[in-house]
file entry-v3.tsv (TSV, C-alpha atoms (C1' of nucleotides))
chain	number	residue	atom	x	y	z
A	1070	MET	CA	11.07	-19.38	19.26
A	1071	ALA	CA	13.04	-16.28	20.22
A	1072	GLU	CA	11.40	-12.97	19.43
A	1073	PRO	CA	12.93	-10.96	16.59
A	1074	ASP	CA	15.64	-8.48	17.56
A	1075	ALA	CA	15.53	-4.75	16.85
A	1076	ILE	CA	16.88	-5.10	13.31
A	1077	ASP	CA	14.44	-7.89	12.47
A	1078	ARG	CA	11.60	-5.73	13.72
A	1079	ARG	CA	12.66	-2.87	11.45
A	1080	LEU	CA	12.83	-5.28	8.52
A	1081	LEU	CA	9.35	-6.51	9.39
A	1082	ALA	CA	8.04	-2.97	9.53
A	1083	LEU	CA	9.51	-2.19	6.12
A	1084	LEU	CA	8.25	-5.41	4.54
A	1085	GLN	CA	4.79	-4.99	6.00
A	1086	ALA	CA	4.67	-1.53	4.40
A	1087	ASP	CA	6.01	-2.82	1.08
A	1088	GLY	CA	6.62	-6.51	0.62
A	1089	ARG	CA	8.68	-5.90	-2.49
A	1090	THR	CA	11.21	-3.52	-0.99
A	1091	PRO	CA	14.57	-4.46	-2.59
A	1092	HIS	CA	17.06	-6.04	-0.21
A	1093	ALA	CA	19.51	-3.30	-1.16
A	1094	GLU	CA	17.04	-0.72	0.15
A	1095	LEU	CA	16.43	-2.72	3.33
A	1096	ALA	CA	20.20	-2.97	3.82
A	1097	ARG	CA	20.59	0.78	3.41
A	1098	VAL	CA	17.89	1.57	5.97
A	1099	VAL	CA	18.94	-0.88	8.67
A	1100	GLY	CA	22.66	-0.38	8.07
A	1101	LEU	CA	23.63	-3.94	7.20
A	1102	ALA	CA	25.12	-5.58	4.14
A	1103	VAL	CA	22.75	-6.90	1.51
A	1104	SER	CA	23.86	-10.47	2.16
A	1105	SER	CA	23.07	-10.12	5.86
A	1106	VAL	CA	19.63	-8.75	5.07
A	1107	ASN	CA	19.07	-11.60	2.68
A	1108	GLU	CA	19.82	-14.16	5.36
A	1109	ARG	CA	17.66	-12.42	7.96
A	1110	VAL	CA	14.69	-12.18	5.62
A	1111	ARG	CA	15.09	-15.81	4.64
A	1112	LYS	CA	15.18	-16.89	8.29
A	1113	LEU	CA	12.14	-14.78	9.14
A	1114	GLY	CA	10.31	-16.73	6.50
A	1115	GLU	CA	11.65	-20.10	7.64
A	1116	ARG	CA	10.73	-19.41	11.27
A	1117	GLY	CA	7.21	-18.47	10.26
A	1118	VAL	CA	7.53	-14.87	11.40
A	1119	ILE	CA	6.74	-13.78	7.86
A	1120	THR	CA	3.84	-15.98	6.81
A	1121	GLY	CA	3.53	-14.76	3.27
A	1122	VAL	CA	3.48	-11.83	0.88
A	1123	HIS	CA	0.11	-10.82	-0.51
A	1124	ALA	CA	-1.24	-8.26	-2.94
A	1125	SER	CA	-3.88	-6.02	-1.40
A	1126	VAL	CA	-6.89	-5.48	-3.61
A	1127	SER	CA	-9.39	-2.63	-3.41
A	1128	PRO	CA	-12.79	-4.10	-2.47
A	1129	GLU	CA	-14.59	-1.36	-4.40
A	1130	ALA	CA	-12.65	-2.23	-7.55
A	1131	LEU	CA	-14.24	-5.68	-7.36
A	1132	GLY	CA	-17.66	-4.23	-6.65
A	1133	LEU	CA	-17.59	-5.40	-3.04
A	1134	ASP	CA	-19.11	-2.24	-1.63
A	1135	LEU	CA	-20.70	-3.59	1.52
A	1136	LEU	CA	-18.88	-4.62	4.67
A	1137	ALA	CA	-20.86	-6.16	7.51
A	1138	VAL	CA	-20.22	-7.59	10.96
A	1139	VAL	CA	-22.43	-10.57	11.72
A	1140	PHE	CA	-22.82	-12.02	15.21
A	1141	VAL	CA	-23.97	-15.60	15.35
A	1142	GLY	CA	-25.39	-17.54	18.28
A	1143	TRP	CA	-26.61	-21.05	19.12
A	1144	SER	CA	-27.14	-23.34	22.11
A	1145	ALA	CA	-26.50	-26.89	20.91
A	1146	PRO	CA	-22.79	-27.81	21.05
A	1147	ASP	CA	-22.86	-29.77	17.79
A	1148	VAL	CA	-23.54	-26.65	15.75
A	1149	GLU	CA	-19.99	-25.33	15.93
A	1150	LYS	CA	-18.30	-27.82	13.61
A	1151	ARG	CA	-20.89	-27.46	10.86
A	1152	PHE	CA	-20.76	-23.69	11.18
A	1153	LEU	CA	-16.96	-23.53	10.97
A	1154	ASP	CA	-16.82	-25.91	8.02
A	1155	ARG	CA	-19.33	-23.77	6.19
A	1156	VAL	CA	-17.68	-20.40	6.80
A	1157	ALA	CA	-14.17	-21.77	6.12
A	1158	GLU	CA	-15.08	-22.44	2.52
A	1159	GLU	CA	-16.99	-19.22	2.01
A	1160	PRO	CA	-14.90	-16.43	0.39
A	1161	ALA	CA	-17.39	-13.74	1.40
A	1162	VAL	CA	-16.39	-14.41	5.02
A	1163	LEU	CA	-13.08	-12.66	5.58
A	1164	GLU	CA	-12.83	-13.27	9.29
A	1165	CYS	CA	-14.41	-15.59	11.82
A	1166	HIS	CA	-13.65	-15.01	15.49
A	1167	HIS	CA	-14.73	-16.96	18.55
A	1168	VAL	CA	-15.61	-14.24	21.03
A	1169	THR	CA	-16.54	-13.75	24.65
A	1170	GLY	CA	-19.92	-12.26	25.48
A	1171	ALA	CA	-23.48	-12.97	24.48
A	1172	TRP	CA	-22.62	-14.34	21.05
A	1173	ASN	CA	-20.65	-17.36	19.91
A	1174	TYR	CA	-18.92	-16.02	16.83
A	1175	LEU	CA	-18.30	-12.76	15.03
A	1176	LEU	CA	-17.98	-12.72	11.25
A	1177	LYS	CA	-16.58	-10.05	8.98
A	1178	VAL	CA	-18.32	-10.33	5.64
A	1179	ARG	CA	-17.77	-8.51	2.36
A	1180	VAL	CA	-20.43	-8.54	-0.34
A	1181	ARG	CA	-21.68	-6.35	-3.19
A	1182	ASN	CA	-24.77	-4.83	-1.62
A	1183	THR	CA	-27.62	-5.37	0.81
A	1184	ARG	CA	-29.32	-7.77	-1.56
A	1185	MET	CA	-26.25	-9.98	-1.52
A	1186	LEU	CA	-26.01	-9.66	2.25
A	1187	GLU	CA	-29.56	-10.92	2.52
A	1188	ALA	CA	-28.68	-13.84	0.26
A	1189	PHE	CA	-25.61	-14.56	2.36
A	1190	LEU	CA	-27.60	-14.71	5.59
A	1191	ALA	CA	-30.18	-16.99	3.99
A	1192	ALA	CA	-27.86	-19.28	2.01
A	1193	VAL	CA	-24.86	-19.49	4.31
A	1194	ILE	CA	-25.85	-18.73	7.89
A	1195	LYS	CA	-29.42	-19.93	8.13
A	1196	SER	CA	-28.49	-23.03	6.15
A	1197	VAL	CA	-26.50	-24.25	9.15
A	1198	ASP	CA	-28.91	-26.26	11.32
A	1199	GLY	CA	-29.08	-25.11	14.91
A	1200	ILE	CA	-28.14	-21.46	14.49
A	1201	GLU	CA	-30.66	-19.66	16.64
A	1202	ARG	CA	-29.94	-15.99	16.30
A	1203	THR	CA	-27.84	-13.46	14.41
A	1204	GLU	CA	-27.24	-9.76	14.62
A	1205	THR	CA	-25.86	-7.82	11.70
A	1206	LEU	CA	-24.08	-4.48	11.86
A	1207	ILE	CA	-23.50	-2.55	8.66
A	1208	VAL	CA	-20.17	-0.81	8.32
A	1209	LEU	CA	-20.79	2.73	7.11
A	1210	SER	CA	-17.15	3.62	6.67
A	1211	SER	CA	-13.75	2.32	7.72
A	1212	PRO	CA	-11.38	5.13	8.72
A	1213	LYS	CA	-8.73	2.49	9.36
A	1214	GLU	CA	-8.35	-1.03	8.02
A	1215	THR	CA	-4.91	-2.57	8.03
A	1216	ALA	CA	-3.16	-5.82	8.87
A	1217	THR	CA	0.10	-4.08	9.69
A	1218	LEU	CA	1.23	-5.07	13.17
A	1219	ALA	CA	3.10	-2.87	15.59
A	1220	THR	CA	6.72	-3.95	15.64
A	1221	ASP	CA	7.57	-1.97	18.76
A	1222	PRO	CA	5.73	-1.55	22.06
A	1223	PRO	CA	3.67	1.66	22.37
A	1224	ALA	CA	4.62	4.43	24.77
A	1225	TRP	CA	1.64	3.65	27.00
A	1226	ALA	CA	2.56	-0.02	27.49
A	1227	GLY	CA	3.23	-0.87	31.12
B	752	MET	CA	-13.50	2.64	-13.78
B	753	ALA	CA	-14.43	-0.60	-15.52
B	754	GLU	CA	-14.38	-3.74	-13.41
B	755	PRO	CA	-11.54	-6.17	-14.12
B	756	ASP	CA	-12.22	-8.82	-16.76
B	757	ALA	CA	-11.97	-12.58	-16.16
B	758	ILE	CA	-8.21	-12.71	-16.74
B	759	ASP	CA	-7.58	-9.77	-14.42
B	760	ARG	CA	-9.65	-11.48	-11.74
B	761	ARG	CA	-7.57	-14.63	-12.03
B	762	LEU	CA	-4.39	-12.56	-11.76
B	763	LEU	CA	-5.80	-10.86	-8.68
B	764	ALA	CA	-6.62	-14.21	-7.10
B	765	LEU	CA	-3.10	-15.48	-7.72
B	766	LEU	CA	-1.44	-12.31	-6.47
B	767	GLN	CA	-3.60	-12.18	-3.37
B	768	ALA	CA	-2.48	-15.73	-2.58
B	769	ASP	CA	1.16	-14.93	-3.30
B	770	GLY	CA	2.17	-11.39	-4.14
B	771	ARG	CA	5.54	-12.54	-5.45
B	772	THR	CA	4.29	-15.04	-7.98
B	773	PRO	CA	6.65	-14.67	-10.98
B	774	HIS	CA	5.04	-13.16	-14.06
B	775	ALA	CA	6.19	-16.23	-15.97
B	776	GLU	CA	4.06	-18.38	-13.66
B	777	LEU	CA	1.09	-16.01	-13.95
B	778	ALA	CA	1.46	-16.10	-17.72
B	779	ARG	CA	1.48	-19.89	-17.73
B	780	VAL	CA	-1.68	-20.11	-15.61
B	781	VAL	CA	-3.75	-17.53	-17.46
B	782	GLY	CA	-2.41	-18.45	-20.89
B	783	LEU	CA	-0.90	-15.14	-21.93
B	784	ALA	CA	2.62	-13.97	-22.76
B	785	VAL	CA	4.78	-12.69	-19.92
B	786	SER	CA	4.79	-9.19	-21.37
B	787	SER	CA	0.98	-9.15	-21.51
B	788	VAL	CA	0.80	-10.22	-17.89
B	789	ASN	CA	3.30	-7.54	-16.99
B	790	GLU	CA	1.18	-4.86	-18.60
B	791	ARG	CA	-2.00	-6.08	-16.94
B	792	VAL	CA	-0.41	-6.22	-13.53
B	793	ARG	CA	1.07	-2.76	-14.02
B	794	LYS	CA	-2.31	-1.35	-15.02
B	795	LEU	CA	-4.04	-3.01	-12.07
B	796	GLY	CA	-1.61	-1.12	-9.88
B	797	GLU	CA	-2.03	2.17	-11.75
B	798	ARG	CA	-5.82	1.94	-11.58
B	799	GLY	CA	-5.67	1.31	-7.86
B	800	VAL	CA	-7.14	-2.18	-8.09
B	801	ILE	CA	-3.98	-3.52	-6.46
B	802	THR	CA	-3.25	-1.10	-3.64
B	803	GLY	CA	0.01	-2.64	-2.51
B	804	VAL	CA	1.98	-5.76	-1.70
B	805	HIS	CA	2.56	-6.50	1.94
B	806	ALA	CA	4.38	-9.09	4.01
B	807	SER	CA	2.09	-10.85	6.49
B	808	VAL	CA	3.58	-11.23	9.93
B	809	SER	CA	2.56	-13.73	12.57
B	810	PRO	CA	1.13	-11.78	15.54
B	811	GLU	CA	2.32	-14.45	17.96
B	812	ALA	CA	5.89	-14.13	16.67
B	813	LEU	CA	5.79	-10.51	17.82
B	814	GLY	CA	4.22	-11.45	21.14
B	815	LEU	CA	0.87	-9.96	20.20
B	816	ASP	CA	-1.19	-12.75	21.70
B	817	LEU	CA	-4.40	-10.91	22.45
B	818	LEU	CA	-6.98	-9.80	19.92
B	819	ALA	CA	-9.94	-7.75	21.10
B	820	VAL	CA	-12.99	-6.07	19.62
B	821	VAL	CA	-13.80	-2.78	21.31
B	822	PHE	CA	-17.09	-0.95	20.81
B	823	VAL	CA	-17.01	2.76	21.54
B	824	GLY	CA	-19.88	5.13	22.10
B	825	TRP	CA	-20.51	8.84	22.76
B	826	SER	CA	-23.23	11.46	22.42
B	827	ALA	CA	-21.51	14.77	21.67
B	828	PRO	CA	-20.80	15.22	17.95
B	829	ASP	CA	-17.41	16.84	18.50
B	830	VAL	CA	-15.93	13.64	19.91
B	831	GLU	CA	-15.58	11.94	16.54
B	832	LYS	CA	-12.68	13.93	15.13
B	833	ARG	CA	-10.55	13.61	18.26
B	834	PHE	CA	-11.32	9.92	18.45
B	835	LEU	CA	-10.40	9.26	14.82
B	836	ASP	CA	-7.19	11.30	15.04
B	837	ARG	CA	-6.17	9.30	18.07
B	838	VAL	CA	-6.86	5.83	16.70
B	839	ALA	CA	-5.35	6.68	13.29
B	840	GLU	CA	-1.93	7.09	14.85
B	841	GLU	CA	-2.22	4.11	17.17
B	842	PRO	CA	-0.59	0.94	15.76
B	843	ALA	CA	-2.40	-1.31	18.25
B	844	VAL	CA	-5.63	-0.41	16.44
B	845	LEU	CA	-5.74	-2.50	13.29
B	846	GLU	CA	-9.22	-1.55	12.21
B	847	CYS	CA	-11.71	1.19	12.98
B	848	HIS	CA	-15.20	0.89	11.53
B	849	HIS	CA	-18.16	3.26	11.75
B	850	VAL	CA	-21.08	0.93	12.38
B	851	THR	CA	-24.85	0.96	12.57
B	852	GLY	CA	-26.52	-0.03	15.83
B	853	ALA	CA	-26.12	1.00	19.44
B	854	TRP	CA	-22.45	1.90	19.18
B	855	ASN	CA	-20.60	4.52	17.18
B	856	TYR	CA	-17.42	2.67	16.27
B	857	LEU	CA	-15.95	-0.80	16.39
B	858	LEU	CA	-12.21	-1.25	16.86
B	859	LYS	CA	-10.06	-4.30	16.23
B	860	VAL	CA	-7.11	-4.13	18.59
B	861	ARG	CA	-4.04	-6.32	18.93
B	862	VAL	CA	-1.93	-6.24	22.09
B	863	ARG	CA	0.34	-8.54	24.11
B	864	ASN	CA	-1.98	-9.49	26.96
B	865	THR	CA	-4.85	-8.36	29.17
B	866	ARG	CA	-2.58	-6.01	31.07
B	867	MET	CA	-1.74	-4.21	27.84
B	868	LEU	CA	-5.41	-4.19	26.84
B	869	GLU	CA	-6.21	-2.48	30.13
B	870	ALA	CA	-3.47	0.08	29.43
B	871	PHE	CA	-4.85	0.62	25.93
B	872	LEU	CA	-8.34	1.34	27.18
B	873	ALA	CA	-7.01	3.74	29.79
B	874	ALA	CA	-4.34	5.51	27.72
B	875	VAL	CA	-5.96	5.58	24.30
B	876	ILE	CA	-9.73	5.31	24.61
B	877	LYS	CA	-10.52	6.98	27.89
B	878	SER	CA	-8.01	9.71	27.09
B	879	VAL	CA	-10.39	10.97	24.39
B	880	ASP	CA	-12.72	13.49	26.07
B	881	GLY	CA	-16.39	12.73	25.63
B	882	ILE	CA	-16.27	8.97	25.18
B	883	GLU	CA	-19.06	7.71	27.37
B	884	ARG	CA	-19.05	3.97	27.13
B	885	THR	CA	-17.12	1.03	25.73
B	886	GLU	CA	-17.66	-2.69	25.48
B	887	THR	CA	-14.79	-5.07	24.94
B	888	LEU	CA	-15.01	-8.56	23.50
B	889	ILE	CA	-12.03	-10.87	23.80
B	890	VAL	CA	-11.27	-13.05	20.79
B	891	LEU	CA	-10.65	-16.59	22.02
B	892	SER	CA	-9.62	-17.96	18.65
B	893	SER	CA	-9.83	-16.99	14.99
B	894	PRO	CA	-10.70	-19.95	12.76
B	895	LYS	CA	-10.47	-17.60	9.80
B	896	GLU	CA	-8.66	-14.31	9.35
B	897	THR	CA	-7.80	-13.21	5.85
B	898	ALA	CA	-7.87	-10.13	3.66
B	899	THR	CA	-8.24	-12.16	0.48
B	900	LEU	CA	-11.27	-10.96	-1.45
B	901	ALA	CA	-13.54	-13.12	-3.56
B	902	THR	CA	-12.73	-12.47	-7.20
B	903	ASP	CA	-15.84	-14.23	-8.48
B	904	PRO	CA	-19.45	-14.09	-7.32
B	905	PRO	CA	-20.58	-16.97	-5.09
B	906	ALA	CA	-23.06	-19.58	-6.23
B	907	TRP	CA	-25.72	-18.21	-3.88
B	908	ALA	CA	-25.56	-14.67	-5.23
B	909	GLY	CA	-28.82	-13.52	-6.76
C	378	DA	C1'	-4.34	-5.48	-26.48
C	379	DA	C1'	-0.82	-9.26	-27.27
C	380	DT	C1'	3.64	-10.92	-28.66
C	381	DG	C1'	8.87	-12.53	-28.59
C	382	DA	C1'	13.33	-10.99	-27.91
C	383	DA	C1'	16.50	-8.28	-25.75
C	384	DA	C1'	18.17	-5.45	-21.99
C	385	DC	C1'	18.08	-4.62	-17.32
C	386	DC	C1'	18.05	-5.49	-12.52
C	387	DA	C1'	17.26	-8.07	-8.24
C	388	DG	C1'	17.71	-12.20	-5.57
C	389	DA	C1'	20.41	-16.06	-4.24
C	390	DT	C1'	24.81	-18.36	-3.52
C	391	DG	C1'	29.62	-19.09	-2.40
C	392	DT	C1'	34.09	-17.42	-1.09
C	393	DG	C1'	37.35	-15.55	1.95
C	394	DA	C1'	37.93	-12.62	5.80
D	1209	DT	C1'	28.52	-10.36	9.82
D	1210	DC	C1'	30.73	-8.55	5.76
D	1211	DA	C1'	32.45	-7.33	0.97
D	1212	DC	C1'	32.92	-9.16	-3.32
D	1213	DA	C1'	32.03	-11.78	-7.35
D	1214	DT	C1'	28.97	-14.57	-9.73
D	1215	DC	C1'	25.05	-17.01	-11.32
D	1216	DT	C1'	20.36	-17.41	-12.00
D	1217	DG	C1'	16.04	-15.84	-12.99
D	1218	DG	C1'	12.49	-12.26	-12.98
D	1219	DT	C1'	11.04	-7.71	-14.60
D	1220	DT	C1'	10.68	-4.28	-17.95
D	1221	DT	C1'	10.97	-2.27	-22.41
D	1222	DC	C1'	10.45	-2.14	-27.31
D	1223	DA	C1'	9.39	-3.00	-32.06
D	1224	DT	C1'	5.94	-5.45	-34.25
D	1225	DT	C1'	1.45	-7.39	-35.19

call {"tool": "encode", "arguments": {"input": "entry-v3.tsv", "output": "structure tokens"}}
result
Amino acid sequence: MAEPDAIDRRLLALLQADGRTPHAELARVVGLAVSSVNERVRKLGERGVITGVHASVSPEALGLDLLAVVFVGWSAPDVEKRFLDRVAEEPAVLECHHVTGAWNYLLKVRVRNTRMLEAFLAAVIKSVDGIERTETLIVLSSPKETATLATDPPAWAG
Amino acid sequence: MAEPDAIDRRLLALLQADGRTPHAELARVVGLAVSSVNERVRKLGERGVITGVHASVSPEALGLDLLAVVFVGWSAPDVEKRFLDRVAEEPAVLECHHVTGAWNYLLKVRVRNTRMLEAFLAAVIKSVDGIERTETLIVLSSPKETATLATDPPAWAG
DNA sequence: AATGAAACCAGATGTGA
DNA sequence: TCACATCTGGTTTCATT
């Protein structure tokens, strides 16, 4: 799969910023005809470069005021599958990353409050047999939280 | 700001899954007229419940194959502003969270490879005067990575 | 708040160049 | 890739309830 060219990258930047930008506007910015933009955007979708278009929702508007990072650890190798199956189906878990270091996995969890976080740890994490230890960090504030990827290499890149 | 009612929450779930779902389809699912759906969606945007619609891009398609979690720590209180100003403008930093525990901040960083991660730590993090220590975790895999919020409380919620 | 109809506008498609 | 025309279908508005 060839990497997107310069024009594709600009289209991706624009569509990451606003997924409903009209093709006419895209065409104006990148300096192509609307039909060309249409074909490029279609191909970016077909090739899986654009994986979807999603509405972003304010967590606070849904009462989800608490963000937490939960590290999870175990020793027995058979724990992993049960753990992953459980977190996959759990909407409160936004992210689950297998990480290097002292812990097995890192979870990003969004809930209403500390009471619900306590319930989450008891009902979801501790309910998985074999989990031996967890460590929970509370997020006090998030100065930056985006999924927008850099479409061009930074100045400091080798 | 009143929390969204049951119909709004279903609209939010649908639009989080696919931000371009036609209003006719939304209307069919929730059992309202298209014009009613249109007004609800418009108000959800006006009230800031829906903060935007964004295309999701595959990191691998852009060659961003390495995800890392970087903890950052310092002692002097004047470091924070410089640090936040620097990471705010840095596209490689997807998330920046103020966290409880032994560290000041947690960063989620996406780069091409370990060489670029090394450059990031040198050019971005260490370039901020006063930063005393960092710890970097490499993400080996991400079984789950979504921004889709739960629109209904889980069964285990108190 | 919800509705149906009408008006408007954007996306998709096909042609020839 | 483009310009153009066209078709289709979604979005938005409005008068009404």

call {"tool": "atom_distance", "arguments": {"input": "entry-v3.tsv", "atom1": "C1' of DT1220 (chain D)", "atom2": "CA of Gly1114 (chain A)"}}
result
27.4 Å

call {"tool": "residues_around", "arguments": {"input": "entry-v3.tsv", "residues": "DG1218 (chain D)", "least_positions_apart": "6", "cutoff": "8 Å", "atoms": "all atoms listed in the file", "output": "PyMOL selection string"}}
result
(chain B and resi 773-774) or (chain C and resi 387)

call {"tool": "closest_residue", "arguments": {"input": "entry-v3.tsv", "among": "B:Ala784, B:Leu777, B:Ala874, B:Leu766", "to": "chain C", "atoms": "all atoms listed in the file"}}
result
B:Ala784

call {"tool": "calpha_fit_and_write", "arguments": {"input": "entry-v3.tsv", "fixed": "chain A", "moving": "chain B", "output": "short mmCIF file (atom, residue, chain, number, x, y, z; two decimals) with C-alpha atoms, keeping the file's coordinate frame"}}
result
data_model
loop_
_atom_site.label_atom_id
_atom_site.label_comp_id
_atom_site.auth_asym_id
_atom_site.auth_seq_id
_atom_site.Cartn_x
_atom_site.Cartn_y
_atom_site.Cartn_z
CA MET B 752 11.13 -19.37 19.34
CA ALA B 753 13.03 -16.22 20.29
CA GLU B 754 11.36 -12.92 19.48
CA PRO B 755 12.91 -10.94 16.63
CA ASP B 756 15.66 -8.49 17.58
CA ALA B 757 15.58 -4.75 16.84
CA ILE B 758 16.90 -5.14 13.29
CA ASP B 759 14.42 -7.90 12.48
CA ARG B 760 11.61 -5.69 13.76
CA ARG B 761 12.68 -2.87 11.48
CA LEU B 762 12.80 -5.27 8.54
CA LEU B 763 9.32 -6.48 9.43
CA ALA B 764 8.02 -2.92 9.56
CA LEU B 765 9.47 -2.15 6.14
CA LEU B 766 8.21 -5.37 4.58
CA GLN B 767 4.75 -4.93 6.04
CA ALA B 768 4.63 -1.48 4.44
CA ASP B 769 5.95 -2.79 1.13
CA GLY B 770 6.54 -6.49 0.67
CA ARG B 771 8.62 -5.89 -2.44
CA THR B 772 11.14 -3.52 -0.94
CA PRO B 773 14.48 -4.46 -2.57
CA HIS B 774 16.97 -6.06 -0.21
CA ALA B 775 19.43 -3.35 -1.23
CA GLU B 776 17.02 -0.74 0.14
CA LEU B 777 16.43 -2.75 3.33
CA ALA B 778 20.18 -3.07 3.75
CA ARG B 779 20.65 0.67 3.36
CA VAL B 780 17.99 1.48 5.96
CA VAL B 781 19.07 -1.00 8.62
CA GLY B 782 22.78 -0.58 7.95
CA LEU B 783 23.69 -4.14 7.03
CA ALA B 784 25.06 -5.81 3.90
CA VAL B 785 22.57 -7.06 1.33
CA SER B 786 23.56 -10.66 1.97
CA SER B 787 22.94 -10.24 5.71
CA VAL B 788 19.51 -8.81 5.02
CA ASN B 789 18.80 -11.68 2.66
CA GLU B 790 19.63 -14.22 5.33
CA ARG B 791 17.53 -12.47 7.95
CA VAL B 792 14.54 -12.19 5.67
CA ARG B 793 14.90 -15.84 4.68
CA LYS B 794 15.03 -16.92 8.32
CA LEU B 795 12.02 -14.78 9.22
CA GLY B 796 10.14 -16.73 6.58
CA GLU B 797 11.48 -20.11 7.71
CA ARG B 798 10.59 -19.40 11.34
CA GLY B 799 7.08 -18.44 10.35
CA VAL B 800 7.43 -14.83 11.48
CA ILE B 801 6.64 -13.74 7.93
CA THR B 802 3.75 -15.94 6.87
CA GLY B 803 3.48 -14.71 3.30
CA VAL B 804 3.46 -11.79 0.91
CA HIS B 805 0.12 -10.78 -0.50
CA ALA B 806 -1.22 -8.24 -2.96
CA SER B 807 -3.88 -5.98 -1.43
CA VAL B 808 -6.88 -5.45 -3.64
CA SER B 809 -9.35 -2.60 -3.45
CA PRO B 810 -12.76 -4.07 -2.49
CA GLU B 811 -14.56 -1.34 -4.43
CA ALA B 812 -12.63 -2.22 -7.60
CA LEU B 813 -14.21 -5.67 -7.38
CA GLY B 814 -17.64 -4.23 -6.64
CA LEU B 815 -17.56 -5.38 -3.04
CA ASP B 816 -19.10 -2.23 -1.63
CA LEU B 817 -20.68 -3.58 1.52
CA LEU B 818 -18.87 -4.60 4.67
CA ALA B 819 -20.85 -6.15 7.50
CA VAL B 820 -20.21 -7.58 10.95
CA VAL B 821 -22.41 -10.57 11.71
CA PHE B 822 -22.80 -12.02 15.20
CA VAL B 823 -23.94 -15.62 15.34
CA GLY B 824 -25.34 -17.56 18.25
CA TRP B 825 -26.55 -21.08 19.09
CA SER B 826 -27.07 -23.37 22.07
CA ALA B 827 -26.40 -26.92 20.88
CA PRO B 828 -22.70 -27.82 21.02
CA ASP B 829 -22.75 -29.78 17.77
CA VAL B 830 -23.45 -26.66 15.71
CA GLU B 831 -19.90 -25.35 15.91
CA LYS B 832 -18.19 -27.81 13.59
CA ARG B 833 -20.77 -27.45 10.83
CA PHE B 834 -20.67 -23.69 11.17
CA LEU B 835 -16.87 -23.51 10.97
CA ASP B 836 -16.70 -25.89 8.00
CA ARG B 837 -19.20 -23.75 6.18
CA VAL B 838 -17.59 -20.37 6.79
CA ALA B 839 -14.07 -21.72 6.12
CA GLU B 840 -14.96 -22.40 2.51
CA GLU B 841 -16.92 -19.19 2.01
CA PRO B 842 -14.84 -16.40 0.40
CA ALA B 843 -17.35 -13.71 1.41
CA VAL B 844 -16.34 -14.38 5.02
CA LEU B 845 -13.05 -12.61 5.59
CA GLU B 846 -12.80 -13.23 9.29
CA CYS B 847 -14.37 -15.55 11.83
CA HIS B 848 -13.62 -14.97 15.49
CA HIS B 849 -14.70 -16.93 18.56
CA VAL B 850 -15.61 -14.21 21.04
CA THR B 851 -16.55 -13.76 24.67
CA GLY B 852 -19.93 -12.26 25.51
CA ALA B 853 -23.49 -12.98 24.46
CA TRP B 854 -22.62 -14.34 21.04
CA ASN B 855 -20.62 -17.35 19.92
CA TYR B 856 -18.88 -16.00 16.83
CA LEU B 857 -18.29 -12.74 15.03
CA LEU B 858 -17.95 -12.71 11.25
CA LYS B 859 -16.55 -10.02 8.99
CA VAL B 860 -18.28 -10.32 5.64
CA ARG B 861 -17.74 -8.50 2.37
CA VAL B 862 -20.40 -8.53 -0.34
CA ARG B 863 -21.64 -6.34 -3.21
CA ASN B 864 -24.76 -4.84 -1.64
CA THR B 865 -27.62 -5.39 0.79
CA ARG B 866 -29.30 -7.80 -1.58
CA MET B 867 -26.20 -10.00 -1.54
CA LEU B 868 -25.96 -9.66 2.25
CA GLU B 869 -29.53 -10.94 2.50
CA ALA B 870 -28.61 -13.87 0.24
CA PHE B 871 -25.54 -14.57 2.37
CA LEU B 872 -27.54 -14.74 5.58
CA ALA B 873 -30.10 -17.01 3.97
CA ALA B 874 -27.77 -19.29 1.99
CA VAL B 875 -24.77 -19.49 4.29
CA ILE B 876 -25.79 -18.74 7.86
CA LYS B 877 -29.34 -19.97 8.11
CA SER B 878 -28.39 -23.05 6.11
CA VAL B 879 -26.39 -24.27 9.12
CA ASP B 880 -28.79 -26.31 11.28
CA GLY B 881 -28.99 -25.15 14.87
CA ILE B 882 -28.08 -21.50 14.47
CA GLU B 883 -30.61 -19.70 16.60
CA ARG B 884 -29.93 -16.03 16.26
CA THR B 885 -27.83 -13.50 14.39
CA GLU B 886 -27.25 -9.78 14.59
CA THR B 887 -25.87 -7.83 11.68
CA LEU B 888 -24.09 -4.50 11.85
CA ILE B 889 -23.51 -2.55 8.66
CA VAL B 890 -20.17 -0.78 8.33
CA LEU B 891 -20.82 2.76 7.12
CA SER B 892 -17.17 3.66 6.69
CA SER B 893 -13.77 2.37 7.76
CA PRO B 894 -11.42 5.18 8.78
CA LYS B 895 -8.77 2.54 9.41
CA GLU B 896 -8.37 -0.97 8.08
CA THR B 897 -4.93 -2.50 8.09
CA ALA B 898 -3.19 -5.75 8.92
CA THR B 899 0.08 -4.01 9.75
CA LEU B 900 1.21 -5.01 13.22
CA ALA B 901 3.07 -2.80 15.66
CA THR B 902 6.70 -3.90 15.70
CA ASP B 903 7.54 -1.90 18.82
CA PRO B 904 5.68 -1.49 22.10
CA PRO B 905 3.63 1.71 22.44
CA ALA B 906 4.56 4.48 24.83
CA TRP B 907 1.58 3.68 27.06
CA ALA B 908 2.50 0.04 27.54
CA GLY B 909 3.21 -0.85 31.15
#

call {"tool": "atom_distance", "arguments": {"input": "entry-v3.tsv", "atom1": "CA of Val838 (chain B)", "atom2": "CA of Ala812 (chain B)"}}
result
23.7 Å

call {"tool": "interface_residues", "arguments": {"input": "entry-v3.tsv", "of": "chain C", "to": "chain B", "cutoff": "12 Å", "atoms": "all atoms listed in the file", "output": "number ranges by chain"}}
result
C: 378-382

call {"tool": "closest_residue", "arguments": {"input": "entry-v3.tsv", "among": "A:Pro1146, A:Gly1199, A:Pro1073, A:Pro1212", "to": "Val1118 (chain A)", "atoms": "all atoms listed in the file"}}
result
A:Pro1073
